[in-house]
file start_32.pdb (PDB, C-alpha atoms and all ligand atoms)
ATOM      1  CA  MET A  46     -15.852 -15.353 -15.069
ATOM      2  CA  ALA A  47     -14.311 -14.578 -11.685
ATOM      3  CA  GLY A  48     -17.357 -12.860 -10.204
ATOM      4  CA  ALA A  49     -19.935 -15.304 -11.500
ATOM      5  CA  GLY A  50     -20.803 -16.503  -7.998
ATOM      6  CA  ILE A  51     -21.742 -13.013  -6.808
ATOM      7  CA  VAL A  52     -25.093 -11.246  -7.171
ATOM      8  CA  VAL A  53     -25.048  -7.531  -6.300
ATOM      9  CA  ILE A  54     -28.465  -6.013  -5.630
ATOM     10  CA  PHE A  55     -28.731  -2.228  -5.479
ATOM     11  CA  ASP A  56     -31.372   0.140  -4.257
ATOM     12  CA  PHE A  57     -31.455   3.123  -6.663
ATOM     13  CA  ASP A  58     -32.466   6.407  -4.968
ATOM     14  CA  LYS A  59     -29.727   7.754  -2.635
ATOM     15  CA  THR A  60     -27.723   4.593  -3.329
ATOM     16  CA  ILE A  61     -26.767   4.582  -7.030
ATOM     17  CA  ILE A  62     -27.857   8.200  -7.515
ATOM     18  CA  ASP A  63     -27.206  10.784  -4.819
ATOM     19  CA  CYS A  64     -30.800  11.982  -4.408
ATOM     20  CA  ASP A  65     -34.382  10.695  -4.571
ATOM     21  CA  SER A  66     -35.333  10.616  -8.266
ATOM     22  CA  ASP A  67     -39.005  11.456  -7.577
ATOM     23  CA  ASN A  68     -38.069  14.490  -5.466
ATOM     24  CA  TRP A  69     -35.412  15.500  -7.992
ATOM     25  CA  VAL A  70     -37.860  15.554 -10.898
ATOM     26  CA  VAL A  71     -40.583  17.344  -8.894
ATOM     27  CA  ASP A  72     -38.136  19.967  -7.590
ATOM     28  CA  GLU A  73     -36.403  20.524 -10.930
ATOM     29  CA  LEU A  74     -39.742  20.944 -12.705
ATOM     30  CA  GLY A  75     -40.706  23.528 -10.086
ATOM     31  CA  ALA A  76     -43.653  21.609  -8.621
ATOM     32  CA  THR A  77     -42.480  21.082  -5.036
ATOM     33  CA  GLU A  78     -45.359  23.124  -3.585
ATOM     34  CA  LEU A  79     -48.065  21.147  -5.389
ATOM     35  CA  PHE A  80     -46.352  17.877  -4.471
ATOM     36  CA  ASP A  81     -46.206  18.807  -0.791
ATOM     37  CA  ARG A  82     -49.868  19.896  -0.855
ATOM     38  CA  LEU A  83     -51.086  16.635  -2.410
ATOM     39  CA  LEU A  84     -48.817  14.241  -0.486
ATOM     40  CA  PRO A  85     -51.117  13.949   2.571
ATOM     41  CA  THR A  86     -54.021  13.022   0.280
ATOM     42  CA  MET A  87     -52.649  10.037  -1.650
ATOM     43  CA  PRO A  88     -49.931   7.337  -1.634
ATOM     44  CA  TRP A  89     -46.507   8.516  -2.858
ATOM     45  CA  ASN A  90     -46.519   6.217  -5.883
ATOM     46  CA  SER A  91     -49.970   7.413  -7.034
ATOM     47  CA  LEU A  92     -48.902  11.009  -6.441
ATOM     48  CA  MET A  93     -45.973  10.657  -8.875
ATOM     49  CA  ASP A  94     -48.400   9.495 -11.574
ATOM     50  CA  ARG A  95     -50.598  12.501 -10.731
ATOM     51  CA  MET A  96     -47.621  14.867 -10.870
ATOM     52  CA  MET A  97     -46.743  13.635 -14.344
ATOM     53  CA  LYS A  98     -50.367  14.299 -15.348
ATOM     54  CA  GLU A  99     -50.183  17.856 -13.984
ATOM     55  CA  HIS A 100     -46.934  18.545 -15.805
ATOM     56  CA  HIS A 101     -48.247  17.079 -19.038
ATOM     57  CA  SER A 102     -51.392  19.225 -18.902
ATOM     58  CA  GLN A 103     -49.235  22.317 -18.320
ATOM     59  CA  GLY A 104     -47.216  21.584 -21.448
ATOM     60  CA  THR A 105     -44.141  19.898 -19.980
ATOM     61  CA  LYS A 106     -42.765  17.555 -22.633
ATOM     62  CA  LEU A 107     -41.288  14.157 -21.953
ATOM     63  CA  GLU A 108     -37.977  15.478 -23.303
ATOM     64  CA  ASP A 109     -37.999  18.038 -20.461
ATOM     65  CA  VAL A 110     -38.330  15.206 -17.936
ATOM     66  CA  VAL A 111     -35.499  13.323 -19.687
ATOM     67  CA  THR A 112     -33.284  16.436 -19.543
ATOM     68  CA  VAL A 113     -33.928  16.723 -15.808
ATOM     69  CA  LEU A 114     -33.200  13.011 -15.298
ATOM     70  CA  GLU A 115     -29.927  13.298 -17.189
ATOM     71  CA  ARG A 116     -28.810  15.991 -14.717
ATOM     72  CA  THR A 117     -29.432  13.704 -11.709
ATOM     73  CA  PRO A 118     -26.396  13.726  -9.416
ATOM     74  CA  ILE A 119     -24.429  10.474  -9.473
ATOM     75  CA  HIS A 120     -20.917  10.040  -8.094
ATOM     76  CA  PRO A 121     -18.276   9.066 -10.701
ATOM     77  CA  CYS A 122     -16.865   6.394  -8.350
ATOM     78  CA  ILE A 123     -20.303   4.718  -8.289
ATOM     79  CA  ILE A 124     -20.377   4.615 -12.086
ATOM     80  CA  GLU A 125     -16.880   3.066 -12.037
ATOM     81  CA  ALA A 126     -17.805   0.583  -9.295
ATOM     82  CA  ILE A 127     -20.825  -0.659 -11.270
ATOM     83  CA  LYS A 128     -18.768  -1.011 -14.461
ATOM     84  CA  SER A 129     -15.994  -2.857 -12.591
ATOM     85  CA  ALA A 130     -18.415  -5.248 -10.848
ATOM     86  CA  HIS A 131     -20.052  -5.993 -14.184
ATOM     87  CA  ALA A 132     -16.678  -6.502 -15.918
ATOM     88  CA  LEU A 133     -15.708  -8.974 -13.198
ATOM     89  CA  GLY A 134     -18.742 -11.080 -14.077
ATOM     90  CA  CYS A 135     -20.995 -10.263 -11.114
ATOM     91  CA  ASP A 136     -24.745 -10.390 -11.773
ATOM     92  CA  LEU A 137     -26.127  -6.895 -11.019
ATOM     93  CA  LYS A 138     -29.781  -6.170 -10.232
ATOM     94  CA  ILE A 139     -31.783  -3.176  -9.017
ATOM     95  CA  VAL A 140     -34.666  -3.295  -6.536
ATOM     96  CA  SER A 141     -36.159   0.191  -6.262
ATOM     97  CA  ASP A 142     -39.294   2.084  -5.327
ATOM     98  CA  ALA A 143     -38.635   4.611  -8.146
ATOM     99  CA  ASN A 144     -39.940   3.629 -11.604
ATOM    100  CA  THR A 145     -38.649   2.010 -14.798
ATOM    101  CA  PHE A 146     -38.620   5.227 -16.865
ATOM    102  CA  PHE A 147     -36.574   7.266 -14.371
ATOM    103  CA  ILE A 148     -34.132   4.429 -13.681
ATOM    104  CA  GLU A 149     -33.583   3.342 -17.286
ATOM    105  CA  THR A 150     -33.213   6.935 -18.531
ATOM    106  CA  ILE A 151     -30.513   7.677 -15.950
ATOM    107  CA  LEU A 152     -28.688   4.356 -16.448
ATOM    108  CA  GLU A 153     -28.723   4.676 -20.230
ATOM    109  CA  TYR A 154     -27.379   8.229 -20.061
ATOM    110  CA  HIS A 155     -24.374   6.992 -18.067
ATOM    111  CA  GLY A 156     -23.845   3.873 -20.195
ATOM    112  CA  LEU A 157     -24.837   1.577 -17.323
ATOM    113  CA  ARG A 158     -28.094   0.012 -18.499
ATOM    114  CA  GLU A 159     -26.482  -3.125 -19.941
ATOM    115  CA  CYS A 160     -24.633  -3.771 -16.646
ATOM    116  CA  PHE A 161     -27.921  -4.845 -14.996
ATOM    117  CA  SER A 162     -29.691  -8.129 -15.650
ATOM    118  CA  GLU A 163     -32.926  -7.161 -13.841
ATOM    119  CA  ILE A 164     -34.674  -4.020 -12.596
ATOM    120  CA  HIS A 165     -37.487  -4.599 -10.118
ATOM    121  CA  THR A 166     -39.412  -1.380  -9.622
ATOM    122  CA  ASN A 167     -42.728   0.406 -10.201
ATOM    123  CA  PRO A 168     -43.703  -0.054 -13.866
ATOM    124  CA  SER A 169     -44.141   2.981 -16.075
ATOM    125  CA  PHE A 170     -44.916   3.704 -19.703
ATOM    126  CA  VAL A 171     -45.506   6.648 -22.003
ATOM    127  CA  ASP A 172     -49.129   6.778 -23.181
ATOM    128  CA  GLU A 173     -50.348   7.811 -26.656
ATOM    129  CA  GLU A 174     -50.503  11.464 -25.542
ATOM    130  CA  GLY A 175     -46.874  11.421 -24.477
ATOM    131  CA  ARG A 176     -47.692  11.432 -20.778
ATOM    132  CA  LEU A 177     -45.584   9.296 -18.442
ATOM    133  CA  ARG A 178     -47.790   6.924 -16.447
ATOM    134  CA  ILE A 179     -46.447   5.349 -13.231
ATOM    135  CA  PHE A 180     -48.059   2.351 -11.530
ATOM    136  CA  PRO A 181     -47.385   0.462  -8.299
ATOM    137  CA  HIS A 182     -45.071  -2.578  -8.337
ATOM    138  CA  HIS A 183     -47.701  -4.299  -6.218
ATOM    139  CA  ASP A 184     -51.322  -3.256  -6.798
ATOM    140  CA  PHE A 185     -52.287  -2.515  -3.192
ATOM    141  CA  THR A 186     -55.805  -1.479  -4.214
ATOM    142  CA  LYS A 187     -56.575  -5.164  -4.872
ATOM    143  CA  SER A 188     -54.618  -6.862  -2.077
ATOM    144  CA  SER A 189     -51.751  -6.391   0.365
ATOM    145  CA  HIS A 190     -48.321  -7.680  -0.612
ATOM    146  CA  GLY A 191     -48.509  -9.705   2.577
ATOM    147  CA  CYS A 192     -45.516  -8.233   4.406
ATOM    148  CA  GLY A 193     -46.529  -6.546   7.612
ATOM    149  CA  HIS A 194     -43.193  -4.882   8.224
ATOM    150  CA  PRO A 195     -43.831  -1.189   8.980
ATOM    151  CA  SER A 196     -40.818  -0.121   6.896
ATOM    152  CA  CYS A 197     -42.299  -1.584   3.672
ATOM    153  CA  PRO A 198     -44.571   0.767   1.656
ATOM    154  CA  PRO A 199     -47.915  -0.649   0.416
ATOM    155  CA  ASN A 200     -46.807  -0.678  -3.248
ATOM    156  CA  MET A 201     -43.588  -2.637  -2.739
ATOM    157  CA  CYS A 202     -41.997  -5.065  -0.289
ATOM    158  CA  LYS A 203     -38.367  -5.370  -1.379
ATOM    159  CA  GLY A 204     -37.977  -8.370   0.957
ATOM    160  CA  THR A 205     -40.557 -10.268  -1.103
ATOM    161  CA  VAL A 206     -38.610  -9.397  -4.272
ATOM    162  CA  ILE A 207     -35.340 -10.610  -2.688
ATOM    163  CA  GLY A 208     -37.100 -13.836  -1.619
ATOM    164  CA  LYS A 209     -38.073 -14.485  -5.243
ATOM    165  CA  ILE A 210     -34.532 -13.736  -6.462
ATOM    166  CA  GLN A 211     -33.149 -16.120  -3.821
ATOM    167  CA  ALA A 212     -35.608 -18.832  -4.874
ATOM    168  CA  SER A 213     -34.508 -18.561  -8.501
ATOM    169  CA  LEU A 214     -30.802 -18.547  -7.495
ATOM    170  CA  SER A 215     -31.306 -21.712  -5.431
ATOM    171  CA  THR A 216     -32.174 -23.637  -8.595
ATOM    172  CA  GLU A 217     -28.704 -22.902 -10.027
ATOM    173  CA  ASP A 218     -25.749 -25.263  -9.516
ATOM    174  CA  GLN A 219     -23.370 -22.695  -8.054
ATOM    175  CA  LYS A 220     -24.021 -21.290  -4.587
ATOM    176  CA  LYS A 221     -24.380 -17.521  -4.987
ATOM    177  CA  THR A 222     -23.279 -14.784  -2.596
ATOM    178  CA  ILE A 223     -25.559 -11.732  -2.411
ATOM    179  CA  ILE A 224     -24.281  -8.221  -1.697
ATOM    180  CA  TYR A 225     -27.169  -5.798  -1.009
ATOM    181  CA  LEU A 226     -26.742  -1.998  -0.971
ATOM    182  CA  GLY A 227     -29.341   0.466   0.232
ATOM    183  CA  ASP A 228     -30.120   3.523   2.313
ATOM    184  CA  GLY A 229     -33.846   3.693   3.029
ATOM    185  CA  LEU A 230     -36.439   2.162   5.344
ATOM    186  CA  GLY A 231     -37.591  -0.127   2.522
ATOM    187  CA  ASP A 232     -34.107  -1.685   2.409
ATOM    188  CA  PHE A 233     -34.447  -3.152   5.903
ATOM    189  CA  CYS A 234     -36.886  -5.962   5.004
ATOM    190  CA  PRO A 235     -34.593  -7.330   2.230
ATOM    191  CA  SER A 236     -31.606  -7.077   4.613
ATOM    192  CA  LEU A 237     -33.448  -9.462   6.948
ATOM    193  CA  LYS A 238     -33.720 -12.015   4.118
ATOM    194  CA  LEU A 239     -29.971 -12.264   3.529
ATOM    195  CA  GLY A 240     -28.156 -15.357   4.753
ATOM    196  CA  ASP A 241     -24.878 -16.152   6.547
ATOM    197  CA  GLY A 242     -22.579 -15.878   3.550
ATOM    198  CA  ASP A 243     -24.190 -12.668   2.250
ATOM    199  CA  TYR A 244     -23.299  -9.011   2.800
ATOM    200  CA  VAL A 245     -25.395  -5.919   3.414
ATOM    201  CA  MET A 246     -23.970  -2.450   2.736
ATOM    202  CA  PRO A 247     -26.183   0.129   4.513
ATOM    203  CA  ARG A 248     -25.423   3.797   3.838
ATOM    204  CA  LYS A 249     -24.078   5.223   7.100
ATOM    205  CA  GLY A 250     -26.365   7.693   8.854
ATOM    206  CA  PHE A 251     -29.351   6.835   6.658
ATOM    207  CA  PRO A 252     -32.601   5.145   7.823
ATOM    208  CA  VAL A 253     -31.662   1.521   6.973
ATOM    209  CA  TRP A 254     -28.333   1.950   8.787
ATOM    210  CA  ASP A 255     -30.170   3.154  11.918
ATOM    211  CA  LEU A 256     -32.577   0.209  11.758
ATOM    212  CA  ILE A 257     -29.745  -2.301  11.222
ATOM    213  CA  CYS A 258     -27.700  -0.811  14.084
ATOM    214  CA  LYS A 259     -30.714  -1.175  16.385
ATOM    215  CA  ASN A 260     -31.481  -4.719  15.209
ATOM    216  CA  ARG A 261     -28.071  -6.295  14.624
ATOM    217  CA  SER A 262     -29.106  -9.629  16.080
ATOM    218  CA  LEU A 263     -31.743 -10.001  13.343
ATOM    219  CA  ILE A 264     -29.213  -9.618  10.510
ATOM    220  CA  LYS A 265     -27.422 -12.802   9.412
ATOM    221  CA  ALA A 266     -25.371 -11.155   6.646
ATOM    222  CA  GLN A 267     -22.092  -9.360   7.328
ATOM    223  CA  ILE A 268     -22.686  -5.610   7.631
ATOM    224  CA  TRP A 269     -20.325  -3.215   5.825
ATOM    225  CA  GLU A 270     -21.256   0.464   5.973
ATOM    226  CA  TRP A 271     -20.468   3.139   3.372
ATOM    227  CA  SER A 272     -20.968   6.917   3.348
ATOM    228  CA  ASN A 273     -20.142   8.313  -0.086
ATOM    229  CA  GLY A 274     -19.190   7.412  -3.646
ATOM    230  CA  GLU A 275     -15.555   6.652  -2.773
ATOM    231  CA  ASP A 276     -16.645   4.299   0.042
ATOM    232  CA  PHE A 277     -19.223   2.663  -2.206
ATOM    233  CA  GLU A 278     -16.559   1.755  -4.777
ATOM    234  CA  ARG A 279     -13.884   0.771  -2.253
ATOM    235  CA  VAL A 280     -16.100  -1.414  -0.053
ATOM    236  CA  LEU A 281     -18.027  -3.047  -2.897
ATOM    237  CA  LEU A 282     -14.906  -3.943  -4.896
ATOM    238  CA  HIS A 283     -13.205  -5.148  -1.713
ATOM    239  CA  LEU A 284     -16.103  -7.504  -0.955
ATOM    240  CA  ILE A 285     -16.178  -8.743  -4.542
ATOM    241  CA  ALA A 286     -12.403  -9.357  -4.552
ATOM    242  CA  ARG A 287     -12.637 -11.095  -1.190
ATOM    243  CA  ASN A 288     -15.373 -13.410  -2.423
ATOM    244  CA  ILE A 289     -13.578 -14.167  -5.642
ATOM    245  CA  SER A 290     -10.510 -15.198  -3.648
ATOM    246  CA  ILE A 291     -12.637 -17.375  -1.340
ATOM    247  CA  HIS A 292     -14.193 -18.940  -4.411
ATOM    248  CA  LYS A 293     -10.743 -19.363  -5.987
ATOM    249  CA  LYS A 294      -9.508 -21.287  -2.943
ATOM    250  CA  ASN A 295     -12.512 -23.582  -3.216
ATOM    251  CA  SER A 296     -12.422 -24.126  -6.959
ATOM    252  CA  GLY A 297      -8.988 -23.142  -8.295
ATOM    253  CA  ALA A 298     -10.651 -20.649 -10.664
ATOM    254  CA  ASN A 299      -8.561 -18.133 -12.602
ATOM    255  CA  VAL A 300      -8.824 -14.720 -10.965
ATOM    256  CA  GLY A 301      -6.472 -12.756 -13.206
ATOM    257  CA  LYS A 302      -8.866  -9.787 -13.314
ATOM    258  CA  LEU A 303      -9.090  -9.697  -9.550
ATOM    259  CA  PHE A 304      -5.613  -8.218  -9.273
ATOM    260  CA  SER A 305      -6.549  -5.129 -11.221
ATOM    261  CA  VAL A 306      -9.263  -4.476  -8.615
ATOM    262  CA  GLU A 307      -6.796  -4.890  -5.758
ATOM    263  CA  CYS A 308      -4.231  -2.611  -7.399
ATOM    264  CA  LYS A 309      -6.908   0.003  -7.924
ATOM    265  CA  GLN A 310      -7.859  -0.169  -4.257
ATOM    266  CA  GLU A 311      -4.247   0.317  -3.171
ATOM    267  CA  THR A 312      -3.857   3.457  -5.247
ATOM    268  CA  MET A 313      -7.278   4.891  -4.443
ATOM    269  CA  PRO A 314      -7.127   7.841  -2.042
ATOM    270  CA  LEU A 315      -8.953   7.213   1.188
ATOM    271  CA  PRO A 316     -11.877   9.500   1.973
ATOM    272  CA  ALA A 317     -11.166  11.818   4.880
ATOM    273  CA  ALA A 318     -14.010  10.338   6.914
ATOM    274  CA  THR A 319     -12.246   6.973   7.235
ATOM    275  CA  GLY A 320      -9.268   8.454   9.093
ATOM    276  CA  PRO A 321      -6.329   6.130   9.530
ATOM    277  CA  GLN A 322      -8.125   2.963   8.381
ATOM    278  CA  ALA A 323      -6.219   1.430   5.490
ATOM    279  CA  PHE A 324      -8.980  -0.964   4.462
ATOM    280  CA  PRO A 325     -12.729  -1.072   4.841
ATOM    281  CA  GLN A 326     -13.865  -2.726   8.008
ATOM    282  CA  PRO A 327     -17.086  -4.583   8.631
ATOM    283  CA  LEU A 328     -19.464  -2.857  11.011
ATOM    284  CA  HIS A 329     -20.258  -6.179  12.545
ATOM    285  CA  VAL A 330     -18.895  -9.630  11.772
ATOM    286  CA  ILE A 331     -20.668 -12.799  12.725
ATOM    287  CA  HIS A 332     -18.135 -15.562  13.241
TER     288      HIS A 332
HETATM  289 MG    MG A 401     -32.967   4.533  -1.538
HETATM  290 ZN    ZN A 402     -41.395  -6.364   3.493
END
call {"tool": "encode", "arguments": {"input": "start_32.pdb", "output": "structure tokens"}}
result
Amino acid sequence: MAGAGIVVIFDFDKTIIDCDSDNWVVDELGATELFDRLLPTMPWNSLMDRMMKEHHSQGTKLEDVVTVLERTPIHPCIIEAIKSAHALGCDLKIVSDANTFFIETILEYHGLRECFSEIHTNPSFVDEEGRLRIFPHHDFTKSSHGCGHPSCPPNMCKGTVIGKIQASLSTEDQKKTIIYLGDGLGDFCPSLKLGDGDYVMPRKGFPVWDLICKNRSLIKAQIWEWSNGEDFERVLLHLIARNISIHKKNSGANVGKLFSVECKQETMPLPAATGPQAFPQPLHVIH
């Protein structure tokens, strides 16, 4: 398929969904005060497991957590962008510091779960008592994940995950282009791993965008910023279409589906924040 040479890797919190899923669940279940009190005493990831224990002991059912997760804010353009990228044949993956239960529940509710080939995140499961248990992606109580970057939390270095994805892609015949989208500090380390032909889409005004702006010389990938759901869809589909046409020139592949993406972009209203710009522009292009 047209997009087969493209791998799109998404952060989840404040990228696919428009909030932090941990904070959303804690706030919606009315436990913000307890969370804030315990946060200085334990790592974030361990605290979420503890919070689920507290809720379970107070009688909160798993269905209540599911109901809260299903209300998580997500922009309709982001749902459409993910479906379009998947329909074009792109390989979609998630690398997130949330957890499998939160992510899969939200994706399934919106009919998006099958769009993703892999979800790399903190593992979770429901125990025999019906309590949600959440564990670190990397067990930092036994050893460090080995990345000393200050923006990587002890339970997960997303750069290490991206390195493993890149290693597995390098064994395939076709050269793959990676597009990485994120907002947080933990998305900086994976951005550093991207190569010349790759793209990073930092969310404008968010921590990874600040870090990338301050360290542009360290980033080999092209940088394309986005602010909201409309931008997310417009920029992502533009980059996919652009890469499909580059690939088409090189291989003569059929890109019939590409034109539906381009038509959609032409008719899509521009968000007010972009002003007179007719098309998305890269923040920084390395020639
Ligand atoms: Mg995030
Ligand atoms: Zn790292």
call {"tool": "residues_around", "arguments": {"input": "start_32.pdb", "residues": "A:Asp172", "least_positions_apart": "3", "cutoff": "12 Å", "atoms": "all atoms listed in the file", "output": "PyMOL selection string"}}
result
chain A and resi 94+97-98+101+107+169+175-179
call {"tool": "residues_near_ligand", "arguments": {"input": "start_32.pdb", "ligand": "ligand MG 401 (chain A)", "cutoff": "9 Å", "atoms": "all atoms listed in the file", "output": "JSON list (two decimals) with C-alpha atoms, in the coordinates of the input"}}
result
[["chain", "number", "residue", "atom", "x", "y", "z"],
["A", 55, "PHE", "CA", -28.73, -2.23, -5.48],
["A", 56, "ASP", "CA", -31.37, 0.14, -4.26],
["A", 57, "PHE", "CA", -31.46, 3.12, -6.66],
["A", 58, "ASP", "CA", -32.47, 6.41, -4.97],
["A", 59, "LYS", "CA", -29.73, 7.75, -2.64],
["A", 60, "THR", "CA", -27.72, 4.59, -3.33],
["A", 61, "ILE", "CA", -26.77, 4.58, -7.03],
["A", 62, "ILE", "CA", -27.86, 8.20, -7.52],
["A", 64, "CYS", "CA", -30.80, 11.98, -4.41],
["A", 65, "ASP", "CA", -34.38, 10.70, -4.57],
["A", 141, "SER", "CA", -36.16, 0.19, -6.26],
["A", 142, "ASP", "CA", -39.29, 2.08, -5.33],
["A", 143, "ALA", "CA", -38.64, 4.61, -8.15],
["A", 227, "GLY", "CA", -29.34, 0.47, 0.23],
["A", 228, "ASP", "CA", -30.12, 3.52, 2.31],
["A", 229, "GLY", "CA", -33.85, 3.69, 3.03],
["A", 230, "LEU", "CA", -36.44, 2.16, 5.34],
["A", 231, "GLY", "CA", -37.59, -0.13, 2.52],
["A", 232, "ASP", "CA", -34.11, -1.68, 2.41]]
call {"tool": "atom_distance", "arguments": {"input": "start_32.pdb", "atom1": "atom CA of A:Gly75", "atom2": "atom CA of A:Asn167"}}
result
23.2 Å
call {"tool": "residues_around", "arguments": {"input": "start_32.pdb", "residues": "stretch 149-156 of chain A", "least_positions_apart": "4", "cutoff": "9 Å", "atoms": "only C-alpha atoms", "output": "MDAnalysis selection string"}}
result
chainID A and resid 62 111 114:117 124 144:145 160 164
call {"tool": "write_last_selection", "arguments": {"input": "start_32.pdb", "atoms": "C-alpha atoms", "output": "PDB file, keeping the file's coordinate frame"}}
result
ATOM      1  CA  ILE A  62     -27.857   8.200  -7.515  1.00  0.00           C
ATOM      2  CA  VAL A 111     -35.499  13.323 -19.687  1.00  0.00           C
ATOM      3  CA  LEU A 114     -33.200  13.011 -15.298  1.00  0.00           C
ATOM      4  CA  GLU A 115     -29.927  13.298 -17.189  1.00  0.00           C
ATOM      5  CA  ARG A 116     -28.810  15.991 -14.717  1.00  0.00           C
ATOM      6  CA  THR A 117     -29.432  13.704 -11.709  1.00  0.00           C
ATOM      7  CA  ILE A 124     -20.377   4.615 -12.086  1.00  0.00           C
ATOM      8  CA  ASN A 144     -39.940   3.629 -11.604  1.00  0.00           C
ATOM      9  CA  THR A 145     -38.649   2.010 -14.798  1.00  0.00           C
ATOM     10  CA  CYS A 160     -24.633  -3.771 -16.646  1.00  0.00           C
ATOM     11  CA  ILE A 164     -34.674  -4.020 -12.596  1.00  0.00           C
TER      12      ILE A 164
END
call {"tool": "atom_distance", "arguments": {"input": "start_32.pdb", "atom1": "atom CA of A:Ile54", "atom2": "atom CA of A:Leu137"}}
result
5.9 Å
call {"tool": "resolve_selection", "arguments": {"input": "start_32.pdb", "expression": "the PyMOL selection byres (((chain A and resi 200) around 6) and not hetatm)", "output": "short mmCIF file (atom, residue, chain, number, x, y, z; two decimals) with C-alpha atoms, keeping the file's coordinate frame"}}
result
data_model
loop_
_atom_site.label_atom_id
_atom_site.label_comp_id
_atom_site.auth_asym_id
_atom_site.auth_seq_id
_atom_site.Cartn_x
_atom_site.Cartn_y
_atom_site.Cartn_z
CA PRO A 181 -47.38 0.46 -8.30
CA HIS A 182 -45.07 -2.58 -8.34
CA HIS A 183 -47.70 -4.30 -6.22
CA PHE A 185 -52.29 -2.52 -3.19
CA PRO A 198 -44.57 0.77 1.66
CA PRO A 199 -47.92 -0.65 0.42
CA MET A 201 -43.59 -2.64 -2.74
#
call {"tool": "atom_distance", "arguments": {"input": "start_32.pdb", "atom1": "atom CA of A:Thr205", "atom2": "atom CA of A:Ser66"}}
result
22.7 Å
call {"tool": "residues_near_ligand", "arguments": {"input": "start_32.pdb", "ligand": "ligand ZN 402 (chain A)", "cutoff": "9 Å", "atoms": "only C-alpha atoms and all ligand atoms", "output": "compact mmCIF listing (two decimals) with C-alpha atoms, keeping the file's coordinate frame"}}
result
# COMPACT_ATOMS: atom_id res chain seq x y z
CA HIS A 190 -48.32 -7.68 -0.61
CA GLY A 191 -48.51 -9.70 2.58
CA CYS A 192 -45.52 -8.23 4.41
CA GLY A 193 -46.53 -6.55 7.61
CA HIS A 194 -43.19 -4.88 8.22
CA PRO A 195 -43.83 -1.19 8.98
CA SER A 196 -40.82 -0.12 6.90
CA CYS A 197 -42.30 -1.58 3.67
CA PRO A 198 -44.57 0.77 1.66
CA MET A 201 -43.59 -2.64 -2.74
CA CYS A 202 -42.00 -5.07 -0.29
CA LYS A 203 -38.37 -5.37 -1.38
CA GLY A 204 -37.98 -8.37 0.96
CA THR A 205 -40.56 -10.27 -1.10
CA VAL A 206 -38.61 -9.40 -4.27
CA GLY A 231 -37.59 -0.13 2.52
CA ASP A 232 -34.11 -1.68 2.41
CA PHE A 233 -34.45 -3.15 5.90
CA CYS A 234 -36.89 -5.96 5.00
CA PRO A 235 -34.59 -7.33 2.23
call {"tool": "resolve_selection", "arguments": {"input": "start_32.pdb", "expression": "the PyMOL selection byres (((chain A and resi 278) around 10) and not hetatm)", "output": "ChimeraX atom specification"}}
result
/A:120-127,129-130,271,273-277,279-283,310,313
call {"tool": "residues_around", "arguments": {"input": "start_32.pdb", "residues": "A:Thr77", "least_positions_apart": "4", "cutoff": "12 Å", "atoms": "only C-alpha atoms", "output": "PyMOL selection string"}}
result
chain A and resi 67-73+81-84+93+96+100
call {"tool": "closest_residue", "arguments": {"input": "start_32.pdb", "among": "A:Leu74, A:Val245, A:Leu237, A:Ile289", "to": "A:Ile264", "atoms": "all atoms listed in the file"}}
result
A:Leu237
call {"tool": "closest_residue", "arguments": {"input": "start_32.pdb", "among": "A:Leu214, A:Val253, A:Val110, A:Cys258", "to": "A:Gly50", "atoms": "all atoms listed in the file"}}
result
A:Leu214
call {"tool": "closest_residue", "arguments": {"input": "start_32.pdb", "among": "A:Phe180, A:Val171, A:Ile139, A:Asn260", "to": "A:Arg95", "atoms": "all atoms listed in the file"}}
result
A:Phe180
call {"tool": "closest_residue", "arguments": {"input": "start_32.pdb", "among": "A:Asn288, A:Gln103, A:Ser189, A:Thr86", "to": "A:Lys221", "atoms": "all atoms listed in the file"}}
result
A:Asn288
call {"tool": "closest_residue", "arguments": {"input": "start_32.pdb", "among": "A:Lys209, A:Asp218, A:Asn90, A:Thr105", "to": "A:Pro168", "atoms": "all atoms listed in the file"}}
result
A:Asn90
call {"tool": "closest_residue", "arguments": {"input": "start_32.pdb", "among": "A:Glu78, A:Asp184, A:Glu108, A:Asp136", "to": "A:Thr222", "atoms": "all atoms listed in the file"}}
result
A:Asp136
call {"tool": "decode", "arguments": {"input": "start_32.pdb", "residues": "stretch 105-111 of chain A", "atoms": "N, CA and C atoms", "output": "PDB file, in the first residue's frame"}}
result
ATOM      1  N   THR A 105     -14.554   1.603  44.418  1.00  0.00           N
ATOM      2  CA  THR A 105     -14.629   1.986  43.001  1.00  0.00           C
ATOM      3  C   THR A 105     -14.465   0.732  42.146  1.00  0.00           C
ATOM      4  N   LYS A 106     -15.391   0.536  41.234  1.00  0.00           N
ATOM      5  CA  LYS A 106     -15.342  -0.645  40.357  1.00  0.00           C
ATOM      6  C   LYS A 106     -14.531  -0.327  39.104  1.00  0.00           C
ATOM      7  N   LEU A 107     -14.036  -1.376  38.480  1.00  0.00           N
ATOM      8  CA  LEU A 107     -13.288  -1.188  37.245  1.00  0.00           C
ATOM      9  C   LEU A 107     -14.158  -0.511  36.174  1.00  0.00           C
ATOM     10  N   GLU A 108     -15.456  -0.856  36.184  1.00  0.00           N
ATOM     11  CA  GLU A 108     -16.367  -0.228  35.212  1.00  0.00           C
ATOM     12  C   GLU A 108     -16.404   1.305  35.400  1.00  0.00           C
ATOM     13  N   ASP A 109     -16.244   1.759  36.654  1.00  0.00           N
ATOM     14  CA  ASP A 109     -16.231   3.207  36.889  1.00  0.00           C
ATOM     15  C   ASP A 109     -15.007   3.838  36.235  1.00  0.00           C
ATOM     16  N   VAL A 110     -13.866   3.128  36.322  1.00  0.00           N
ATOM     17  CA  VAL A 110     -12.637   3.626  35.699  1.00  0.00           C
ATOM     18  C   VAL A 110     -12.816   3.639  34.173  1.00  0.00           C
ATOM     19  N   VAL A 111     -13.429   2.587  33.648  1.00  0.00           N
ATOM     20  CA  VAL A 111     -13.674   2.509  32.192  1.00  0.00           C
ATOM     21  C   VAL A 111     -14.565   3.677  31.747  1.00  0.00           C
TER      22      VAL A 111
END
